[in-house]
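Below: one structure, written as structure tokens.
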Number of protein chains: 2
Amino acid sequence: MSADIHFFPRVTIEQVEEGKELAPKFDADGLIVCVTTAAKTGEVLMLGYMNAEALRRTIATGEAHYWSRSRQILWHKGANSGLVQKVVELRIDDDQDAVWLRVDVVGDASCHVGYRSCFYRSVPVGAGDDVRELKFEETEKLFDPVVVYGDVPNPTKL
Amino acid sequence: MSADIHFFPRVTIEQVEEGKELAPKFDADGLIVCVTTAAKTGEVLMLGYMNAEALRRTIATGEAHYWSRSRQILWHKGANSGLVQKVVELRIDDDQDAVWLRVDVVGDASCHVGYRSCFYRSVPVGAGDDVRELKFEETEKLFDPVVVYGDVPNPTKL
């Protein structure tokens, strides 16, 4: 498909911060960071990256597309797993170098490990020991990654 | 202050994804990305970056610290503006290369432009023209940046 969504050149800070022109800033790798939350609950589901094409396709289709840094491919989220993210709202931040997607997820899960959110563990904050044991905030996986992804390599890098 | 919070070395994918050891991954610039949401509403307030020291101080003090990429300094959010972010919960994602802070904000505003959230504009998605006009979702600033920041340079870069 073609997605010719127009990006304006970045000319002034006033234009970028206070204007109505979409003028996203991509980093040295051609990427913009994207946080994706569940529209219904506000829960952060994942944090990903988009290149220009992924952002254009997300805007044009209303379904989340990312750039997979580990696999180095344009990634229509859910194309393999079926866990498509339908965009309820797309926002851009003050200096237009970050995107926020509010989505509904087909199947409810967004994490390749099998949890609803990628952020399934918390770190205790405030006074305490130097070693902080992570706490699982989700205790049950919504799907079995082996069944869903088969022998697709795990995207996590050490 | 000293913040000697311990980070474990990253040894296996199993350890990083399924374990209870805090083993954050910093990028080539020594940074980890951080999304900050309002604990009460789930609204995304900002997207920032932390170096190891900022993450340690956030964990140890329960107040959000970032690394300012534009100013290249450790940044105790609110030190200038008074808009301190009190951490209600800190989460880390599956491969431990992203942090999610749920915070209460003194004064309610988190954006240097004066809005509550940095993400005060939306981009229409789905069928439509190639040019998408941004829509202001917040219509009123909570503070006057000139009064709060004075002649501190605007962090936005073109």
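We label chains A, B, ... in the order they appear in the structure tokens, count residues from 1 in each chain, and number ligands from 1 in the order shown.
Near Asp93 in chain B, within 7 Å and counting only C-alpha atoms, sit Cys118, Phe119 and Tyr120 of chain A; Val99 of chain B; same-chain residues fewer than 6 positions away were not included.
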Interface, chain A side, toward chain B (6 Å; only C-alpha atoms) as a PDB file with C-alpha atoms, in the first residue's frame:
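In the end it all went to part-v6.pdb:
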```
ATOM      1  CA  ASP A   4       1.852   9.553   1.281  1.00  0.00           C
ATOM      2  CA  ILE A   5       1.114  11.358   4.543  1.00  0.00           C
ATOM      3  CA  HIS A   6       2.911  14.686   4.385  1.00  0.00           C
ATOM      4  CA  LYS A  20      -0.732  22.588  13.618  1.00  0.00           C
ATOM      5  CA  GLU A  21       1.855  21.270  11.132  1.00  0.00           C
ATOM      6  CA  GLY A  42      -4.180   3.861  30.327  1.00  0.00           C
ATOM      7  CA  ILE A  59      -1.647   7.319  10.346  1.00  0.00           C
ATOM      8  CA  ALA A  60      -3.095   6.150   7.025  1.00  0.00           C
ATOM      9  CA  THR A  61      -4.395   2.748   8.176  1.00  0.00           C
ATOM     10  CA  GLY A  62      -5.229   3.301  11.840  1.00  0.00           C
ATOM     11  CA  LEU A  90      -2.370   9.249  17.960  1.00  0.00           C
ATOM     12  CA  ARG A  91      -0.626  12.099  19.721  1.00  0.00           C
ATOM     13  CA  ILE A  92       2.704  13.810  19.155  1.00  0.00           C
ATOM     14  CA  ASP A  93       4.737  15.640  21.768  1.00  0.00           C
ATOM     15  CA  ASP A  94       5.886  19.244  22.120  1.00  0.00           C
ATOM     16  CA  ASP A  95       9.065  19.016  20.031  1.00  0.00           C
ATOM     17  CA  CYS A 118       5.655  -5.525  28.263  1.00  0.00           C
ATOM     18  CA  PHE A 119       5.931  -3.753  31.626  1.00  0.00           C
ATOM     19  CA  ARG A 121       7.437  -6.151  36.523  1.00  0.00           C
ATOM     20  CA  SER A 122       7.920  -3.314  38.994  1.00  0.00           C
ATOM     21  CA  VAL A 123      11.005  -2.083  40.833  1.00  0.00           C
ATOM     22  CA  VAL A 125      11.350   2.688  44.915  1.00  0.00           C
ATOM     23  CA  GLY A 126      12.353   4.809  47.916  1.00  0.00           C
ATOM     24  CA  ASP A 130      20.802  -1.485  47.143  1.00  0.00           C
ATOM     25  CA  VAL A 131      19.548  -4.710  45.579  1.00  0.00           C
ATOM     26  CA  GLU A 133      14.089  -7.516  43.602  1.00  0.00           C
ATOM     27  CA  LEU A 134      11.661  -7.142  40.702  1.00  0.00           C
ATOM     28  CA  THR A 156      15.356  -9.677  23.072  1.00  0.00           C
TER      29      THR A 156
END
```
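Distance-wise, CA of Pro153 in chain B and CA of Asn51 in chain A end up 28.9 Å apart.
Counting only C-alpha atoms and comparing B:Asp144, B:Asp27, B:Asn80, B:Ala52, the residue that lies closest to Trp67 in chain B is B:Ala52.
Taking the backbone of this structure through DSSP, the residues of range 41-99 of chain B that come out as strand (DSSP E or B) are Val44, Leu45, Met46, Leu47, Gly48, Tyr49, Met50, Glu63, His65, Tyr66, Trp67, Ser68, Ile73, Leu74, Trp75, His76, Gln85, Lys86, Val87, Val88, Glu89, Leu90, Arg91, Ile92, Ala98 and Val99 of chain B.
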_Exercise: Gly78 in chain A partners within 12 Å, only C-alpha atoms, chain neighbours under 3 positions left out, as a ChimeraX atom specification_ = /A:63-66,75,81-86,105-112,148-149
For the residues in the current selection, export N, CA, C and O atoms as a PDB file, in the first residue's frame.
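Saved result, part_33.pdb, follows:
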```pdb
ATOM      1  N   GLU A  63      -3.816   1.336  12.053  1.00  0.00           N
ATOM      2  CA  GLU A  63      -3.263   0.164  12.763  1.00  0.00           C
ATOM      3  C   GLU A  63      -1.775   0.405  13.013  1.00  0.00           C
ATOM      4  O   GLU A  63      -1.068   0.910  12.138  1.00  0.00           O
ATOM      5  N   ALA A  64      -1.311   0.025  14.208  1.00  0.00           N
ATOM      6  CA  ALA A  64       0.062   0.352  14.605  1.00  0.00           C
ATOM      7  C   ALA A  64       1.090  -0.389  13.762  1.00  0.00           C
ATOM      8  O   ALA A  64       1.022  -1.610  13.612  1.00  0.00           O
ATOM      9  N   HIS A  65       2.013   0.399  13.205  1.00  0.00           N
ATOM     10  CA  HIS A  65       3.183  -0.135  12.508  1.00  0.00           C
ATOM     11  C   HIS A  65       4.427   0.393  13.229  1.00  0.00           C
ATOM     12  O   HIS A  65       4.455   1.551  13.662  1.00  0.00           O
ATOM     13  N   TYR A  66       5.436  -0.439  13.347  1.00  0.00           N
ATOM     14  CA  TYR A  66       6.686  -0.040  13.987  1.00  0.00           C
ATOM     15  C   TYR A  66       7.853  -0.423  13.077  1.00  0.00           C
ATOM     16  O   TYR A  66       7.688  -1.148  12.094  1.00  0.00           O
ATOM     17  N   TRP A  75       7.305  -3.350  10.600  1.00  0.00           N
ATOM     18  CA  TRP A  75       6.628  -4.354  11.402  1.00  0.00           C
ATOM     19  C   TRP A  75       5.174  -3.923  11.620  1.00  0.00           C
ATOM     20  O   TRP A  75       4.916  -2.976  12.348  1.00  0.00           O
ATOM     21  N   SER A  81       1.275 -12.560  15.028  1.00  0.00           N
ATOM     22  CA  SER A  81       0.598 -13.074  16.226  1.00  0.00           C
ATOM     23  C   SER A  81      -0.913 -12.907  16.175  1.00  0.00           C
ATOM     24  O   SER A  81      -1.636 -13.527  16.963  1.00  0.00           O
ATOM     25  N   GLY A  82      -1.393 -12.045  15.267  1.00  0.00           N
ATOM     26  CA  GLY A  82      -2.820 -11.732  15.255  1.00  0.00           C
ATOM     27  C   GLY A  82      -3.190 -10.646  16.255  1.00  0.00           C
ATOM     28  O   GLY A  82      -4.328 -10.182  16.280  1.00  0.00           O
ATOM     29  N   LEU A  83      -2.217 -10.229  17.100  1.00  0.00           N
ATOM     30  CA  LEU A  83      -2.509  -9.249  18.145  1.00  0.00           C
ATOM     31  C   LEU A  83      -2.364  -7.826  17.578  1.00  0.00           C
ATOM     32  O   LEU A  83      -1.504  -7.046  17.980  1.00  0.00           O
ATOM     33  N   VAL A  84      -3.255  -7.496  16.642  1.00  0.00           N
ATOM     34  CA  VAL A  84      -3.249  -6.190  15.976  1.00  0.00           C
ATOM     35  C   VAL A  84      -3.649  -5.097  16.968  1.00  0.00           C
ATOM     36  O   VAL A  84      -4.483  -5.309  17.840  1.00  0.00           O
ATOM     37  N   GLN A  85      -3.008  -3.929  16.827  1.00  0.00           N
ATOM     38  CA  GLN A  85      -3.354  -2.774  17.665  1.00  0.00           C
ATOM     39  C   GLN A  85      -4.120  -1.753  16.819  1.00  0.00           C
ATOM     40  O   GLN A  85      -3.560  -1.153  15.905  1.00  0.00           O
ATOM     41  N   LYS A  86      -5.392  -1.541  17.156  1.00  0.00           N
ATOM     42  CA  LYS A  86      -6.239  -0.556  16.477  1.00  0.00           C
ATOM     43  C   LYS A  86      -6.058   0.795  17.171  1.00  0.00           C
ATOM     44  O   LYS A  86      -6.299   0.915  18.380  1.00  0.00           O
ATOM     45  N   VAL A 105      -6.405  -3.544  21.589  1.00  0.00           N
ATOM     46  CA  VAL A 105      -5.626  -4.673  21.100  1.00  0.00           C
ATOM     47  C   VAL A 105      -6.526  -5.886  20.875  1.00  0.00           C
ATOM     48  O   VAL A 105      -7.226  -6.316  21.796  1.00  0.00           O
ATOM     49  N   VAL A 106      -6.488  -6.405  19.652  1.00  0.00           N
ATOM     50  CA  VAL A 106      -7.172  -7.667  19.375  1.00  0.00           C
ATOM     51  C   VAL A 106      -6.496  -8.748  20.221  1.00  0.00           C
ATOM     52  O   VAL A 106      -5.289  -8.945  20.110  1.00  0.00           O
ATOM     53  N   GLY A 107      -7.234  -9.398  21.102  1.00  0.00           N
ATOM     54  CA  GLY A 107      -6.636 -10.466  21.906  1.00  0.00           C
ATOM     55  C   GLY A 107      -6.035  -9.996  23.210  1.00  0.00           C
ATOM     56  O   GLY A 107      -5.585 -10.801  24.014  1.00  0.00           O
ATOM     57  N   ASP A 108      -5.976  -8.679  23.389  1.00  0.00           N
ATOM     58  CA  ASP A 108      -5.594  -8.078  24.668  1.00  0.00           C
ATOM     59  C   ASP A 108      -4.108  -8.108  25.015  1.00  0.00           C
ATOM     60  O   ASP A 108      -3.672  -7.369  25.881  1.00  0.00           O
ATOM     61  N   ALA A 109      -3.316  -8.958  24.368  1.00  0.00           N
ATOM     62  CA  ALA A 109      -1.903  -9.054  24.744  1.00  0.00           C
ATOM     63  C   ALA A 109      -1.023  -8.305  23.754  1.00  0.00           C
ATOM     64  O   ALA A 109      -1.286  -8.308  22.551  1.00  0.00           O
ATOM     65  N   SER A 110       0.024  -7.648  24.271  1.00  0.00           N
ATOM     66  CA  SER A 110       0.938  -6.889  23.408  1.00  0.00           C
ATOM     67  C   SER A 110       2.390  -7.302  23.571  1.00  0.00           C
ATOM     68  O   SER A 110       3.250  -6.779  22.889  1.00  0.00           O
ATOM     69  N   CYS A 111       2.681  -8.210  24.493  1.00  0.00           N
ATOM     70  CA  CYS A 111       4.073  -8.522  24.827  1.00  0.00           C
ATOM     71  C   CYS A 111       4.467  -9.880  24.265  1.00  0.00           C
ATOM     72  O   CYS A 111       3.751 -10.864  24.452  1.00  0.00           O
ATOM     73  N   HIS A 112       5.643  -9.939  23.637  1.00  0.00           N
ATOM     74  CA  HIS A 112       6.059 -11.191  23.003  1.00  0.00           C
ATOM     75  C   HIS A 112       6.336 -12.297  24.013  1.00  0.00           C
ATOM     76  O   HIS A 112       6.411 -13.461  23.657  1.00  0.00           O
ATOM     77  N   VAL A 148       2.327 -19.255  19.618  1.00  0.00           N
ATOM     78  CA  VAL A 148       2.013 -18.121  18.752  1.00  0.00           C
ATOM     79  C   VAL A 148       3.143 -17.805  17.772  1.00  0.00           C
ATOM     80  O   VAL A 148       2.916 -17.536  16.601  1.00  0.00           O
ATOM     81  N   TYR A 149       4.384 -17.834  18.273  1.00  0.00           N
ATOM     82  CA  TYR A 149       5.510 -17.400  17.432  1.00  0.00           C
ATOM     83  C   TYR A 149       6.300 -18.556  16.838  1.00  0.00           C
ATOM     84  O   TYR A 149       7.113 -18.343  15.932  1.00  0.00           O
TER      85      TYR A 149
END
```
*In Å, rounded to a single decimal, give me how far CA of Ala28 in chain A is from CA of Leu74 in chain A.*
17.3 Å
